[in-house]
file my_file.txt (compact mmCIF, C-alpha atoms)
# COMPACT_ATOMS: atom_id res chain seq x y z
CA MET A 30 -7.03 28.74 17.07
CA ALA A 31 -5.83 26.91 20.16
CA HIS A 32 -5.37 23.18 20.09
CA ALA A 33 -3.97 20.53 22.35
CA SER A 34 -0.97 18.80 20.87
CA SER A 35 1.97 16.66 21.71
CA LEU A 36 5.18 18.06 20.26
CA MET A 37 7.29 14.95 20.24
CA PRO A 38 10.99 15.28 20.87
CA ALA A 39 12.93 16.05 17.74
CA PHE A 40 13.79 12.75 16.13
CA THR A 41 16.90 11.48 14.37
CA LEU A 42 16.84 8.53 12.00
CA GLN A 43 19.65 6.86 10.12
CA SER A 44 19.75 6.96 6.34
CA ASN A 45 20.79 3.94 4.31
CA GLU A 46 24.28 5.51 4.26
CA GLY A 47 24.33 5.85 8.05
CA LEU A 48 23.78 9.63 7.91
CA SER A 49 21.40 11.56 10.15
CA ILE A 50 17.86 12.46 9.11
CA THR A 51 16.57 14.97 11.67
CA GLY A 52 12.95 15.99 12.04
CA ASP A 53 10.03 17.17 14.15
CA LEU A 54 6.61 15.56 14.55
CA ASP A 55 3.69 17.55 15.95
CA VAL A 56 0.65 15.41 16.81
CA PRO A 57 -2.58 17.14 17.91
CA GLU A 58 -5.28 15.28 19.80
CA ARG A 59 -7.32 13.03 17.49
CA PRO A 60 -5.46 14.01 14.33
CA ARG A 61 -7.54 14.02 11.16
CA ALA A 62 -4.55 13.10 9.01
CA LEU A 63 -0.75 13.01 8.86
CA VAL A 64 1.08 15.46 6.59
CA ILE A 65 4.75 14.92 5.71
CA ILE A 66 6.44 18.15 4.56
CA ILE A 67 9.32 17.76 2.08
CA HIS A 68 11.78 20.61 1.52
CA GLY A 69 13.39 21.39 -1.82
CA PHE A 70 16.83 22.18 -3.23
CA LYS A 71 18.82 24.34 -0.79
CA GLY A 72 15.88 24.02 1.60
CA PHE A 73 15.62 22.62 5.14
CA LYS A 74 12.92 21.95 7.71
CA ASP A 75 13.44 25.22 9.61
CA TRP A 76 13.65 27.43 6.53
CA GLY A 77 11.28 30.37 6.23
CA PHE A 78 7.69 29.18 6.11
CA PHE A 79 8.11 25.51 7.10
CA PRO A 80 7.80 25.92 10.92
CA TRP A 81 4.89 28.33 10.42
CA LEU A 82 3.23 25.94 7.96
CA ALA A 83 3.56 23.03 10.38
CA GLN A 84 1.90 25.09 13.10
CA ARG A 85 -0.85 26.28 10.78
CA LEU A 86 -1.69 22.77 9.63
CA SER A 87 -1.68 21.45 13.20
CA GLN A 88 -4.26 24.12 14.07
CA HIS A 89 -6.52 22.21 11.68
CA HIS A 90 -5.89 19.06 13.75
CA LEU A 91 -3.44 17.62 11.27
CA ALA A 92 -0.34 15.80 12.52
CA VAL A 93 2.67 17.32 10.78
CA CYS A 94 6.16 15.94 10.21
CA ARG A 95 8.96 18.03 8.72
CA PHE A 96 12.53 16.85 8.32
CA ASN A 97 15.94 17.50 6.83
CA MET A 98 17.13 15.20 4.09
CA SER A 99 20.34 13.43 5.14
CA ARG A 100 22.30 15.30 2.47
CA SER A 101 20.53 18.66 2.81
CA GLY A 102 23.80 20.25 3.98
CA ILE A 103 22.39 21.04 7.43
CA GLY A 104 24.44 19.64 10.30
CA ASP A 105 24.41 20.34 14.03
CA ASP A 106 23.17 23.91 13.60
CA PRO A 107 19.56 23.62 12.32
CA GLU A 108 19.80 26.84 10.30
CA THR A 109 23.33 26.68 8.87
CA PHE A 110 24.72 24.85 5.85
CA ASP A 111 27.71 23.50 7.76
CA ARG A 112 27.82 20.10 6.00
CA LEU A 113 28.36 21.08 2.39
CA ASP A 114 30.42 17.91 2.02
CA LEU A 115 27.17 15.95 2.38
CA PHE A 116 25.25 18.29 0.07
CA GLU A 117 27.87 17.75 -2.64
CA ASP A 118 27.02 14.07 -3.14
CA ASP A 119 23.22 14.28 -2.84
CA THR A 120 21.02 12.28 -5.25
CA TYR A 121 17.31 11.87 -5.91
CA SER A 122 17.48 8.21 -4.96
CA THR A 123 18.94 9.23 -1.59
CA GLN A 124 16.11 11.72 -1.07
CA LEU A 125 13.48 9.11 -1.89
CA ASP A 126 14.98 6.63 0.52
CA ASP A 127 15.16 9.30 3.25
CA LEU A 128 11.50 10.18 2.68
CA HIS A 129 10.34 6.56 2.97
CA ARG A 130 12.21 6.17 6.26
CA VAL A 131 10.55 9.31 7.64
CA VAL A 132 7.11 8.17 6.46
CA ALA A 133 7.56 4.82 8.24
CA TYR A 134 8.60 6.58 11.46
CA ALA A 135 5.74 9.11 11.36
CA GLN A 136 3.09 6.50 10.52
CA GLN A 137 4.28 4.39 13.45
CA HIS A 138 3.53 7.33 15.77
CA VAL A 139 0.30 8.37 14.01
CA PRO A 140 -1.31 5.01 13.24
CA ASN A 141 -4.49 4.28 11.26
CA THR A 142 -4.55 7.79 9.85
CA PRO A 143 -4.64 8.95 6.21
CA THR A 144 -1.22 10.21 5.07
CA PHE A 145 -0.47 13.14 2.77
CA LEU A 146 2.79 14.30 1.24
CA LEU A 147 3.34 18.06 0.88
CA GLY A 148 6.44 18.96 -1.11
CA HIS A 149 7.83 22.35 -2.10
CA SER A 150 9.75 22.85 -5.35
CA ARG A 151 12.07 19.86 -5.79
CA GLY A 152 10.29 18.35 -2.79
CA GLY A 153 7.09 18.42 -4.83
CA GLY A 154 8.73 16.33 -7.51
CA VAL A 155 10.09 13.94 -4.90
CA ALA A 156 6.61 13.60 -3.38
CA ILE A 157 5.15 12.54 -6.72
CA LEU A 158 8.02 10.10 -7.38
CA ALA A 159 7.59 8.53 -3.93
CA ALA A 160 3.80 8.32 -3.90
CA ALA A 161 3.36 4.84 -5.34
CA ASP A 162 5.34 3.30 -2.49
CA VAL A 163 3.82 5.18 0.47
CA PRO A 164 1.29 3.11 2.49
CA ARG A 165 -2.04 4.71 3.47
CA LEU A 166 -1.37 7.63 1.13
CA SER A 167 -4.54 9.62 0.53
CA GLY A 168 -3.22 12.56 -1.48
CA VAL A 169 -0.21 14.54 -2.66
CA MET A 170 0.11 18.30 -2.30
CA THR A 171 2.79 20.13 -4.27
CA TRP A 172 3.83 23.75 -3.95
CA SER A 173 5.76 25.19 -6.93
CA PRO A 174 6.71 21.66 -8.07
CA ILE A 175 9.39 20.82 -10.61
CA SER A 176 8.12 18.66 -13.47
CA ARG A 177 11.46 17.08 -14.38
CA VAL A 178 14.57 15.91 -12.55
CA ASP A 179 16.94 16.62 -15.45
CA ARG A 180 17.17 20.41 -15.27
CA TRP A 181 20.43 21.04 -17.12
CA ASP A 182 21.20 21.40 -20.81
CA GLU A 183 23.77 19.17 -22.51
CA ALA A 184 26.50 21.82 -22.58
CA THR A 185 26.15 22.32 -18.83
CA LYS A 186 26.34 18.59 -18.19
CA ARG A 187 29.41 18.18 -20.40
CA LYS A 188 31.22 20.94 -18.48
CA TRP A 189 30.02 19.46 -15.19
CA ARG A 190 31.49 16.08 -16.06
CA ARG A 191 34.70 17.65 -17.33
CA ASP A 192 35.16 19.66 -14.12
CA GLY A 193 33.83 16.87 -11.86
CA VAL A 194 31.73 19.38 -9.94
CA ARG A 195 29.12 22.10 -10.44
CA GLU A 196 28.96 25.15 -8.20
CA GLU A 197 25.70 26.76 -7.09
CA ILE A 198 25.72 30.07 -5.25
CA ASN A 199 23.28 30.34 -2.38
CA ALA A 200 21.73 33.78 -2.92
CA ARG A 201 20.83 34.10 0.77
CA THR A 202 24.05 32.91 2.45
CA LYS A 203 26.46 33.62 -0.45
CA GLN A 204 27.95 30.16 0.09
CA VAL A 205 29.32 28.20 -2.84
CA MET A 206 27.41 24.90 -2.78
CA ARG A 207 29.21 22.26 -4.82
CA MET A 208 27.47 19.34 -6.53
CA SER A 209 29.41 16.30 -7.67
CA THR A 210 28.41 14.24 -10.71
CA ARG A 211 26.67 11.68 -8.48
CA ILE A 212 23.29 13.31 -9.12
CA LEU A 213 23.87 13.02 -12.87
CA ASP A 214 24.92 9.38 -12.54
CA ASP A 215 21.83 8.67 -10.44
CA TYR A 216 19.50 10.21 -13.00
CA GLU A 217 21.09 8.40 -15.92
CA ALA A 218 20.91 5.06 -14.09
CA ASN A 219 17.30 5.55 -12.95
CA ARG A 220 15.60 7.60 -15.67
CA ALA A 221 12.37 5.60 -15.61
CA SER A 222 11.87 5.71 -11.84
CA LEU A 223 12.83 9.41 -11.72
CA ASP A 224 10.32 10.52 -14.37
CA ILE A 225 8.01 12.94 -12.55
CA THR A 226 5.36 13.30 -15.26
CA ALA A 227 5.17 9.52 -15.71
CA ALA A 228 4.76 9.14 -11.93
CA ALA A 229 2.00 11.76 -12.02
CA ARG A 230 0.17 9.80 -14.73
CA SER A 231 0.30 6.71 -12.51
CA LEU A 232 -1.11 8.37 -9.39
CA LYS A 233 -4.15 6.61 -8.00
CA ILE A 234 -4.90 9.33 -5.47
CA PRO A 235 -5.80 13.03 -5.77
CA LEU A 236 -3.06 15.56 -6.54
CA LEU A 237 -3.15 19.23 -5.56
CA VAL A 238 -0.79 21.62 -7.34
CA ILE A 239 -0.37 25.16 -5.99
CA HIS A 240 1.92 27.45 -7.97
CA GLY A 241 2.80 31.11 -7.89
CA GLY A 242 1.94 33.11 -10.99
CA ARG A 243 5.18 35.04 -10.50
CA ASP A 244 7.42 32.06 -9.73
CA GLU A 245 10.95 33.14 -10.65
CA SER A 246 12.55 29.71 -10.13
CA VAL A 247 10.12 27.09 -11.46
CA PRO A 248 7.81 28.27 -14.26
CA VAL A 249 4.11 27.93 -13.52
CA GLU A 250 3.85 25.84 -16.69
CA GLU A 251 5.65 23.03 -14.86
CA GLY A 252 2.94 22.90 -12.22
CA ARG A 253 0.23 22.94 -14.88
CA LEU A 254 1.97 20.15 -16.80
CA ILE A 255 2.03 17.90 -13.74
CA ALA A 256 -1.64 18.56 -13.04
CA GLU A 257 -2.53 17.73 -16.65
CA GLN A 258 -0.82 14.33 -16.33
CA ALA A 259 -2.50 13.21 -13.12
CA PRO A 260 -5.87 11.39 -13.38
CA GLN A 261 -7.29 13.26 -10.35
CA SER A 262 -5.84 16.73 -9.95
CA ALA A 263 -6.59 20.32 -9.06
CA VAL A 264 -4.29 23.23 -9.88
CA VAL A 265 -4.39 26.58 -8.12
CA VAL A 266 -2.32 29.50 -9.42
CA ILE A 267 -1.85 32.32 -6.92
CA ASP A 268 -1.23 35.21 -9.27
CA ARG A 269 0.95 37.42 -7.09
CA ALA A 270 2.98 34.65 -5.48
CA GLY A 271 6.64 33.96 -6.19
CA HIS A 272 8.46 30.66 -5.73
CA THR A 273 8.26 30.79 -1.92
CA PHE A 274 4.79 32.38 -1.85
CA ASN A 275 6.52 35.67 -1.00
CA ALA A 276 8.02 34.31 2.23
CA ILE A 277 11.65 34.93 3.16
CA HIS A 278 14.04 33.48 5.73
CA PRO A 279 13.69 34.28 8.52
CA LEU A 280 9.91 34.64 8.28
CA VAL A 281 9.58 38.22 9.55
CA HIS A 282 5.97 38.46 8.38
CA VAL A 283 3.45 36.03 6.93
CA PRO A 284 2.47 36.95 3.35
CA PHE A 285 -1.19 36.69 2.34
CA GLU A 286 -0.21 34.40 -0.55
CA LEU A 287 1.37 31.95 1.90
CA VAL A 288 -1.78 31.89 4.04
CA ILE A 289 -3.87 31.10 0.96
CA ALA A 290 -1.58 28.19 -0.01
CA ALA A 291 -1.65 26.80 3.53
CA GLU A 292 -5.43 27.04 3.91
CA ILE A 293 -6.11 25.42 0.54
CA SER A 294 -3.73 22.59 1.47
CA ALA A 295 -5.30 22.08 4.88
CA HIS A 296 -8.81 21.92 3.45
CA PHE A 297 -7.70 19.56 0.69
CA ALA A 298 -6.20 17.17 3.26
CA ILE A 299 -9.21 17.35 5.56
CA ALA A 300 -11.68 16.76 2.72
CA GLU A 301 -9.79 13.73 1.39
CA ALA A 302 -9.17 12.31 4.88
CA THR A 303 -12.87 12.67 5.71
CA ARG A 304 -13.88 11.01 2.47
CA ARG A 305 -11.57 8.04 3.04
CA GLY A 306 -12.03 7.67 6.80
CA PRO A 307 -9.75 5.73 9.20
CA MET A 308 -7.14 3.51 7.58
CA ASN A 309 -5.56 0.30 8.83

call {"tool": "encode", "arguments": {"input": "my_file.txt", "output": "structure tokens"}}
result
Amino acid sequence: MAHASSLMPAFTLQSNEGLSITGDLDVPERPRALVIIIHGFKGFKDWGFFPWLAQRLSQHHLAVCRFNMSRSGIGDDPETFDRLDLFEDDTYSTQLDDLHRVVAYAQQHVPNTPTFLLGHSRGGGVAILAAADVPRLSGVMTWSPISRVDRWDEATKRKWRRDGVREEINARTKQVMRMSTRILDDYEANRASLDITAAARSLKIPLLVIHGGRDESVPVEEGRLIAEQAPQSAVVVIDRAGHTFNAIHPLVHVPFELVIAAEISAHFAIAEATRRGPMN
């Protein structure tokens, strides 16, 4: 489906720590809504399905913004984790602040338009946590969302604090990705504001949860739990989909399960934007 659009120059914002938040904003003519895409843990804006998803949504006349969190680990090379020093000290509070800065930038360039957050995995949890403070927000879409920030048992956390660092192996790149205790400190200092299920209960807008029935990273029960908490929610389980809806990086082919997730999301956004109309 052809469409006229204005692919704005890639943007760079400054985080509250003075770090770079890089992104892309695609604005079709007369956009029906603005969708902000939020990547997850060990994700980035150019990973696998994100560029394809942005293009697919823009074919539905949706403006789409995707971006790298300031501590995603991505530096000058958009597809390489060459700033693992930044990744090491990432926190949820940092991610939330980054997201709000990106929302403000995107809404400035797509004014008077309903806004939607679309987060994958950890990004889904971040979307729900951020929702209450996003102006003109008309809905939240989550793909394979986590239902809790605290994902480690007590023994793991004790060892983590004893060692001062936790190491995660990136299955794709084989890199050792270190995490300092800053993320633990952040959670313990901000438990109430980082409670995903409590944030879901407080949502005043519709929530869409799409989860893979074969998710190997985040159990489908987490997606169902979030949907159960939200006052207005719909949950779609795609039986044969894994955590990334069967997409890999690079995206050598587009899986059917990914197309289904994208089309459901697009129609959800269009329906809610149409129902709400222009926003000031």

call {"tool": "closest_residue", "arguments": {"input": "my_file.txt", "among": "A:Asp268, A:Asp111, A:Glu301, A:Asp127", "to": "Gln204 of chain A", "atoms": "only C-alpha atoms"}}
result
A:Asp111

call {"tool": "closest_residue", "arguments": {"input": "my_file.txt", "among": "A:Leu82, A:Ile50, A:Ala302, A:Leu213", "to": "Thr120 of chain A", "atoms": "only C-alpha atoms"}}
result
A:Leu213

call {"tool": "residues_around", "arguments": {"input": "my_file.txt", "residues": "His296 of chain A", "least_positions_apart": "4", "cutoff": "12 Å", "atoms": "all atoms listed in the file", "output": "PyMOL selection string"}}
result
chain A and resi 61-62+85-86+88-91+168+170+237+289-292+300-303

call {"tool": "atom_distance", "arguments": {"input": "my_file.txt", "atom1": "atom CA of Asn97 of chain A", "atom2": "atom CA of Asp75 of chain A"}}
result
8.6 Å

call {"tool": "closest_residue", "arguments": {"input": "my_file.txt", "among": "A:Val281, A:Val139, A:Leu232, A:Ala200", "to": "Arg59 of chain A", "atoms": "only C-alpha atoms"}}
result
A:Val139

call {"tool": "residues_around", "arguments": {"input": "my_file.txt", "residues": "Glu117 of chain A", "least_positions_apart": "4", "cutoff": "12 Å", "atoms": "only C-alpha atoms", "output": "PDB file with C-alpha atoms, keeping the file's coordinate frame"}}
result
ATOM      1  CA  PHE A  70      16.830  22.180  -3.230  1.00  0.00           C
ATOM      2  CA  LYS A  71      18.820  24.340  -0.790  1.00  0.00           C
ATOM      3  CA  SER A  99      20.340  13.430   5.140  1.00  0.00           C
ATOM      4  CA  ARG A 100      22.300  15.300   2.470  1.00  0.00           C
ATOM      5  CA  SER A 101      20.530  18.660   2.810  1.00  0.00           C
ATOM      6  CA  GLY A 102      23.800  20.250   3.980  1.00  0.00           C
ATOM      7  CA  ILE A 103      22.390  21.040   7.430  1.00  0.00           C
ATOM      8  CA  PHE A 110      24.720  24.850   5.850  1.00  0.00           C
ATOM      9  CA  ASP A 111      27.710  23.500   7.760  1.00  0.00           C
ATOM     10  CA  ARG A 112      27.820  20.100   6.000  1.00  0.00           C
ATOM     11  CA  LEU A 113      28.360  21.080   2.390  1.00  0.00           C
ATOM     12  CA  GLY A 193      33.830  16.870 -11.860  1.00  0.00           C
ATOM     13  CA  VAL A 194      31.730  19.380  -9.940  1.00  0.00           C
ATOM     14  CA  ARG A 195      29.120  22.100 -10.440  1.00  0.00           C
ATOM     15  CA  GLU A 196      28.960  25.150  -8.200  1.00  0.00           C
ATOM     16  CA  GLU A 197      25.700  26.760  -7.090  1.00  0.00           C
ATOM     17  CA  VAL A 205      29.320  28.200  -2.840  1.00  0.00           C
ATOM     18  CA  MET A 206      27.410  24.900  -2.780  1.00  0.00           C
ATOM     19  CA  ARG A 207      29.210  22.260  -4.820  1.00  0.00           C
ATOM     20  CA  MET A 208      27.470  19.340  -6.530  1.00  0.00           C
ATOM     21  CA  SER A 209      29.410  16.300  -7.670  1.00  0.00           C
ATOM     22  CA  THR A 210      28.410  14.240 -10.710  1.00  0.00           C
ATOM     23  CA  ARG A 211      26.670  11.680  -8.480  1.00  0.00           C
ATOM     24  CA  ILE A 212      23.290  13.310  -9.120  1.00  0.00           C
ATOM     25  CA  LEU A 213      23.870  13.020 -12.870  1.00  0.00           C
TER      26      LEU A 213
END

call {"tool": "closest_residue", "arguments": {"input": "my_file.txt", "among": "A:Ile239, A:Leu254, A:Ala263, A:Leu42", "to": "Arg177 of chain A", "atoms": "only C-alpha atoms"}}
result
A:Leu254

call {"tool": "atom_distance", "arguments": {"input": "my_file.txt", "atom1": "atom CA of Glu46 of chain A", "atom2": "atom CA of Asp119 of chain A"}}
result
11.3 Å
